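Chemist: Pasting in a structure now, in structure tokens, and then I'll have a few things to ask.
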Amino acid sequence: LIKNGNIIKHSKKNKFIIFIEVKTMKNLTEKEIQVLKFLVYGECNDVIAKKLNVSIHTVKVHVTNIIRKLDAKNRTEVAYITGKNNIFE
């Protein structure tokens with residue numbers, strides 16, 4: 001699991017995939033990790049912006065960076081990758 005960008009626990013199942021995800025997670029900024037937590041729960045950009053007290057444009061930039069860093073195709077795939085690897089508790 002990842003907490004504040006640090007590895008807490010990892011599963012031996014799909015170890016290679018999890019290693020890739022954990023390595024990439026360390027490249028996320030603190031704000032990107034905050035946005036990612038909302039993405040996992042399916043929140044839209046408007047809601048994320050209000051909860052983090054930032055502009056919608058800022059959220060879009062963070063989402064774009066997260067998608068790129070996790071090598072995903074879209075925000076749905078980001079949520080899937082994160083959820084499948086139990087990245088957040």
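Following the order of the structure tokens, chains are lettered A, B, ..., residues in each are numbered from 1, and ligands are numbered from 1.
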Counting only C-alpha atoms, what is within 8 Å of His62 of chain A, bar same-chain residues fewer than 5 positions away, as a PyMOL selection string?
Modeler: chain A and resi 31-32+35
Chemist: Restrict the selected residues to C-alpha atoms and save them as an mmCIF file, in the first residue's frame.
Modeler:
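Writing the result to selection-v7.cif gives the following:
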```cif
data_model
loop_
_atom_site.group_PDB
_atom_site.id
_atom_site.type_symbol
_atom_site.label_atom_id
_atom_site.label_comp_id
_atom_site.auth_asym_id
_atom_site.auth_seq_id
_atom_site.Cartn_x
_atom_site.Cartn_y
_atom_site.Cartn_z
ATOM 1 C CA LYS A 31 -1.259 17.249 -4.819
ATOM 2 C CA GLU A 32 -1.419 14.582 -7.523
ATOM 3 C CA VAL A 35 -6.362 14.229 -6.670
#
```
Chemist: What's around Val59 of chain A at 10 Å? Count only C-alpha atoms, leave out sequence neighbours fewer than 5 positions away in its own chain, and write the answer as a list in words.
Modeler: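 Counting only the stated atoms, we get Lys31, Glu32, Val35, Cys44, Asn45, Asp46, Val47, Ile48, Ala49, Lys50, Leu52, Asn53, Val54, Thr64 and Asn65 of chain A.
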Chemist: Store the residues of this selection in a file with N, CA and C atoms, as a PDB file, in the first residue's frame.
Modeler:
```
ATOM      1  N   LYS A  31       0.039  16.819  -4.271  1.00  0.00           N
ATOM      2  CA  LYS A  31      -1.259  17.249  -4.819  1.00  0.00           C
ATOM      3  C   LYS A  31      -1.819  16.205  -5.778  1.00  0.00           C
ATOM      4  N   GLU A  32      -0.950  15.619  -6.602  1.00  0.00           N
ATOM      5  CA  GLU A  32      -1.419  14.582  -7.523  1.00  0.00           C
ATOM      6  C   GLU A  32      -1.955  13.377  -6.763  1.00  0.00           C
ATOM      7  N   VAL A  35      -5.411  14.303  -5.561  1.00  0.00           N
ATOM      8  CA  VAL A  35      -6.362  14.229  -6.670  1.00  0.00           C
ATOM      9  C   VAL A  35      -6.650  12.764  -7.014  1.00  0.00           C
ATOM     10  N   CYS A  44     -15.799  13.919  -9.991  1.00  0.00           N
ATOM     11  CA  CYS A  44     -15.558  14.721 -11.191  1.00  0.00           C
ATOM     12  C   CYS A  44     -14.634  15.900 -10.842  1.00  0.00           C
ATOM     13  N   ASN A  45     -14.111  16.531 -11.863  1.00  0.00           N
ATOM     14  CA  ASN A  45     -13.157  17.629 -11.661  1.00  0.00           C
ATOM     15  C   ASN A  45     -13.737  18.762 -10.816  1.00  0.00           C
ATOM     16  N   ASP A  46     -15.014  19.094 -11.033  1.00  0.00           N
ATOM     17  CA  ASP A  46     -15.644  20.175 -10.259  1.00  0.00           C
ATOM     18  C   ASP A  46     -15.609  19.875  -8.760  1.00  0.00           C
ATOM     19  N   VAL A  47     -15.982  18.661  -8.413  1.00  0.00           N
ATOM     20  CA  VAL A  47     -16.021  18.265  -6.995  1.00  0.00           C
ATOM     21  C   VAL A  47     -14.617  18.251  -6.405  1.00  0.00           C
ATOM     22  N   ILE A  48     -13.669  17.695  -7.151  1.00  0.00           N
ATOM     23  CA  ILE A  48     -12.274  17.651  -6.675  1.00  0.00           C
ATOM     24  C   ILE A  48     -11.757  19.065  -6.441  1.00  0.00           C
ATOM     25  N   ALA A  49     -12.037  19.968  -7.371  1.00  0.00           N
ATOM     26  CA  ALA A  49     -11.584  21.360  -7.252  1.00  0.00           C
ATOM     27  C   ALA A  49     -12.143  22.007  -5.988  1.00  0.00           C
ATOM     28  N   LYS A  50     -13.418  21.800  -5.730  1.00  0.00           N
ATOM     29  CA  LYS A  50     -14.039  22.390  -4.533  1.00  0.00           C
ATOM     30  C   LYS A  50     -13.459  21.808  -3.257  1.00  0.00           C
ATOM     31  N   LEU A  52     -10.520  20.469  -2.790  1.00  0.00           N
ATOM     32  CA  LEU A  52      -9.110  20.837  -2.601  1.00  0.00           C
ATOM     33  C   LEU A  52      -8.885  22.342  -2.643  1.00  0.00           C
ATOM     34  N   ASN A  53      -9.981  23.083  -2.890  1.00  0.00           N
ATOM     35  CA  ASN A  53      -9.913  24.544  -2.932  1.00  0.00           C
ATOM     36  C   ASN A  53      -8.915  25.043  -3.979  1.00  0.00           C
ATOM     37  N   VAL A  54      -9.029  24.451  -5.177  1.00  0.00           N
ATOM     38  CA  VAL A  54      -8.203  24.866  -6.313  1.00  0.00           C
ATOM     39  C   VAL A  54      -9.123  25.050  -7.523  1.00  0.00           C
ATOM     40  N   THR A  64      -4.172  15.131 -15.863  1.00  0.00           N
ATOM     41  CA  THR A  64      -3.354  14.859 -17.047  1.00  0.00           C
ATOM     42  C   THR A  64      -1.992  14.307 -16.656  1.00  0.00           C
ATOM     43  N   ASN A  65      -1.377  14.913 -15.641  1.00  0.00           N
ATOM     44  CA  ASN A  65      -0.067  14.442 -15.171  1.00  0.00           C
ATOM     45  C   ASN A  65      -0.151  13.030 -14.597  1.00  0.00           C
TER      46      ASN A  65
END
```
Chemist: Looking at only C-alpha atoms, which of A:Asp71, A:Val61, A:Ser55, A:Ile66 is the one that sits closest to Val40 of chain A?
Modeler: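 For Val40 of chain A, the nearest of the candidates is A:Ile66.
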Chemist: Which residue out of A:Ile56, A:Ile33, A:Asn27, A:Leu39 has the minimum interatomic distance to Arg75 of chain A when only C-alpha atoms are used?
Modeler: A:Leu39
Chemist: Excluding Asn74 of chain A and its own-chain neighbours fewer than 4 positions away, which residues fall within 12 Å of it when counting only C-alpha atoms? Please give them as a PyMOL selection string.
Modeler: chain A and resi 39+60+63-70+78-81
Chemist: I need the helix (DSSP H, G or I) residues of segment 38-77 of chain A per DSSP on the backbone, written as a list in words.
Modeler: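 Those in segment 38-77 of chain A that DSSP calls helix (DSSP H, G or I) are Phe38, Leu39, Val40, Asn45, Asp46, Val47, Ile48, Ala49, Lys50, Lys51, Leu52, Ile56, His57, Thr58, Val59, Lys60, Val61, His62, Val63, Thr64, Asn65, Ile66, Ile67, Arg68, Lys69, Arg75, Thr76 and Glu77 of chain A.
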